[in-house]
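Written out below as structure tokens is the structure these notes cover.
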Amino acid sequence: MTSSGGGVREAALDLLLGGACVGCGRPGRSLCPGCREGLPDTPRQAWPDPCPPGLATPWAGGTYDGTLRAALLAHKERHVAGLAAPLASLLAQAVEAAGPGQVLLVPVPSRPGVVRSRGHDPLLDVVRRAARLVPATTVAPLLRSRGAVLDQAGLTAAERAANLAGSLWCPSTGLRRFAGRTGRVVVCDDVLTTGATAREAQRALAASGLDVCAIAVVAATLRRLPRGRAGVELSGVRLSSRGWVD
Ligand SMILES: [Zn+2]
């Protein structure tokens, strides 16, 4: 496996660049051994509530909060070295939980221009690393974004679904490139919130004749109910007292 060499190199870079742990702020590695140890290690099903009709079974590596949320944001927005490997490990666990056998991993694409402005494609990076950790797995970036959607932040589940309808598609060149590959199709994303993006990816793939068998994400959101409701409960992904619905 190549990740150990990469890990040493990333750790050296973190030290050289004067980084700090995204979890606890301690100077040094971008994710200190203690915070990495504290990341979730049991992938679970993470059904949105309400759930988009027809959504394939969603599997998440963990809950989108605390250190995991900080790591996802730092990797996505600041391209902090050393975070891709632990995030990929969580995604790989979600992919494995979705079932054995040949798998085609289809990442949800970034909107046009976003990759260019950021200088990297954080999700594709994580999906490629995850694929190296799971046997018989191929990364198939089949989806493209039309880029006409609004920022999803602040939209309700219904608004997100309407905003995203028809926003993803599969160019025939990509489909030809992966023609003849066999395996179950798993849509991959970094964070599952309402499930609207994953469902749109599923729709676009189905329109090209590909049935999606599962969704795999690094993390699924834990959303708070509006004020006035007692306690912290979920309106996004339904969790049990242990954090997940079994
Ligand atoms: Zn730490």
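Residues in the structure tokens are numbered from 1 in each chain, the chains being A, B, ... in the order shown, and ligands are numbered from 1 in the order shown.
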Name the residues, by chain letter and number, that sit within 9 Å of ligand 1 using only C-alpha atoms and all ligand atoms, and give them as a list in words.
Ala20, Cys21, Val22, Gly23, Cys24, Gly25, Arg26, Pro27, Arg29, Ser30, Leu31, Cys32, Pro33, Gly34, Cys35, Arg36 and Thr67 of chain A
Can you tell me, as a PyMOL selection string, what residues are no more than 10 Å from A:Ala131 when counting only C-alpha atoms, ignoring any on the same chain fewer than 3 positions away?
chain A and resi 88-89+91-92+95+103-105+126-128+134-139
Excluding A:Glu77 and its own-chain neighbours fewer than 3 positions away, which residues fall within 12 Å of it when counting only C-alpha atoms? Please give them as a PyMOL selection string.
chain A and resi 69-74+80-81+83+114-115+117-123
I need the chosen residues saved as a PDB file, in the first residue's frame, with N, CA and C atoms.
```pdb
ATOM      1  N   ARG A  69     -15.926  16.764  10.748  1.00  0.00           N
ATOM      2  CA  ARG A  69     -16.396  17.943   9.996  1.00  0.00           C
ATOM      3  C   ARG A  69     -15.230  18.895   9.729  1.00  0.00           C
ATOM      4  N   ALA A  70     -14.424  19.138  10.761  1.00  0.00           N
ATOM      5  CA  ALA A  70     -13.285  20.045  10.602  1.00  0.00           C
ATOM      6  C   ALA A  70     -12.313  19.517   9.555  1.00  0.00           C
ATOM      7  N   ALA A  71     -12.098  18.207   9.569  1.00  0.00           N
ATOM      8  CA  ALA A  71     -11.166  17.610   8.601  1.00  0.00           C
ATOM      9  C   ALA A  71     -11.711  17.714   7.180  1.00  0.00           C
ATOM     10  N   LEU A  72     -13.005  17.459   7.005  1.00  0.00           N
ATOM     11  CA  LEU A  72     -13.603  17.557   5.667  1.00  0.00           C
ATOM     12  C   LEU A  72     -13.511  18.989   5.134  1.00  0.00           C
ATOM     13  N   LEU A  73     -13.829  19.955   5.988  1.00  0.00           N
ATOM     14  CA  LEU A  73     -13.787  21.361   5.550  1.00  0.00           C
ATOM     15  C   LEU A  73     -12.360  21.801   5.230  1.00  0.00           C
ATOM     16  N   ALA A  74     -11.402  21.422   6.082  1.00  0.00           N
ATOM     17  CA  ALA A  74     -10.011  21.836   5.853  1.00  0.00           C
ATOM     18  C   ALA A  74      -9.455  21.204   4.579  1.00  0.00           C
ATOM     19  N   VAL A  80      -5.643  21.064   2.996  1.00  0.00           N
ATOM     20  CA  VAL A  80      -4.651  20.769   4.033  1.00  0.00           C
ATOM     21  C   VAL A  80      -4.107  19.359   3.830  1.00  0.00           C
ATOM     22  N   ALA A  81      -2.789  19.269   3.744  1.00  0.00           N
ATOM     23  CA  ALA A  81      -2.142  17.973   3.504  1.00  0.00           C
ATOM     24  C   ALA A  81      -2.377  17.038   4.678  1.00  0.00           C
ATOM     25  N   LEU A  83      -4.927  15.055   5.256  1.00  0.00           N
ATOM     26  CA  LEU A  83      -6.306  14.742   5.632  1.00  0.00           C
ATOM     27  C   LEU A  83      -6.985  13.795   4.645  1.00  0.00           C
ATOM     28  N   VAL A 114     -15.352  25.264  -9.906  1.00  0.00           N
ATOM     29  CA  VAL A 114     -14.996  25.113  -8.499  1.00  0.00           C
ATOM     30  C   VAL A 114     -13.634  24.448  -8.360  1.00  0.00           C
ATOM     31  N   VAL A 115     -13.401  23.401  -9.155  1.00  0.00           N
ATOM     32  CA  VAL A 115     -12.115  22.695  -9.083  1.00  0.00           C
ATOM     33  C   VAL A 115     -10.991  23.637  -9.496  1.00  0.00           C
ATOM     34  N   SER A 117     -10.959  26.929  -9.319  1.00  0.00           N
ATOM     35  CA  SER A 117     -10.717  27.991  -8.337  1.00  0.00           C
ATOM     36  C   SER A 117     -10.048  27.446  -7.083  1.00  0.00           C
ATOM     37  N   ARG A 118     -10.362  26.203  -6.720  1.00  0.00           N
ATOM     38  CA  ARG A 118      -9.736  25.622  -5.536  1.00  0.00           C
ATOM     39  C   ARG A 118      -8.344  25.079  -5.837  1.00  0.00           C
ATOM     40  N   GLY A 119      -8.129  24.731  -7.100  1.00  0.00           N
ATOM     41  CA  GLY A 119      -6.835  24.161  -7.467  1.00  0.00           C
ATOM     42  C   GLY A 119      -6.758  22.672  -7.228  1.00  0.00           C
ATOM     43  N   HIS A 120      -7.819  22.078  -6.764  1.00  0.00           N
ATOM     44  CA  HIS A 120      -7.850  20.615  -6.639  1.00  0.00           C
ATOM     45  C   HIS A 120      -9.291  20.144  -6.549  1.00  0.00           C
ATOM     46  N   ASP A 121      -9.476  18.841  -6.762  1.00  0.00           N
ATOM     47  CA  ASP A 121     -10.799  18.240  -6.690  1.00  0.00           C
ATOM     48  C   ASP A 121     -10.812  17.354  -5.453  1.00  0.00           C
ATOM     49  N   PRO A 122     -11.238  17.915  -4.307  1.00  0.00           N
ATOM     50  CA  PRO A 122     -11.089  17.189  -3.043  1.00  0.00           C
ATOM     51  C   PRO A 122     -11.803  15.847  -3.019  1.00  0.00           C
ATOM     52  N   LEU A 123     -13.018  15.789  -3.572  1.00  0.00           N
ATOM     53  CA  LEU A 123     -13.754  14.529  -3.509  1.00  0.00           C
ATOM     54  C   LEU A 123     -13.098  13.469  -4.388  1.00  0.00           C
TER      55      LEU A 123
END
```
If you run DSSP on this backbone, which residues of stretch 98-221 of chain A come out as helix (DSSP H, G or I), and could you give them as a VMD selection string?
chain A and resid 114 to 118 122 to 133 157 to 164 172 to 177 196 to 207
Would you pick out the contacts of A:Val106 at 9 Å or less, using only C-alpha atoms, so that residues sharing its chain but fewer than 4 positions from it are not included, and give the list as number ranges by chain?
A: 127, 138-143, 185-189, 201
Quick one: of A:Leu87, A:Ala198, A:Ala206, A:Val217, who's nearest to A:Ala56, counting only C-alpha atoms?
A:Ala198
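Atom CA of A:Arg144 sits 18.7 Å away from atom CA of A:Lys76.
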Which one of A:Gly61, A:Pro48, A:Gly113, A:Gly183 sits closest to A:Thr197 if you count only C-alpha atoms?
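Closest residue, counting only C-alpha atoms: A:Pro48.
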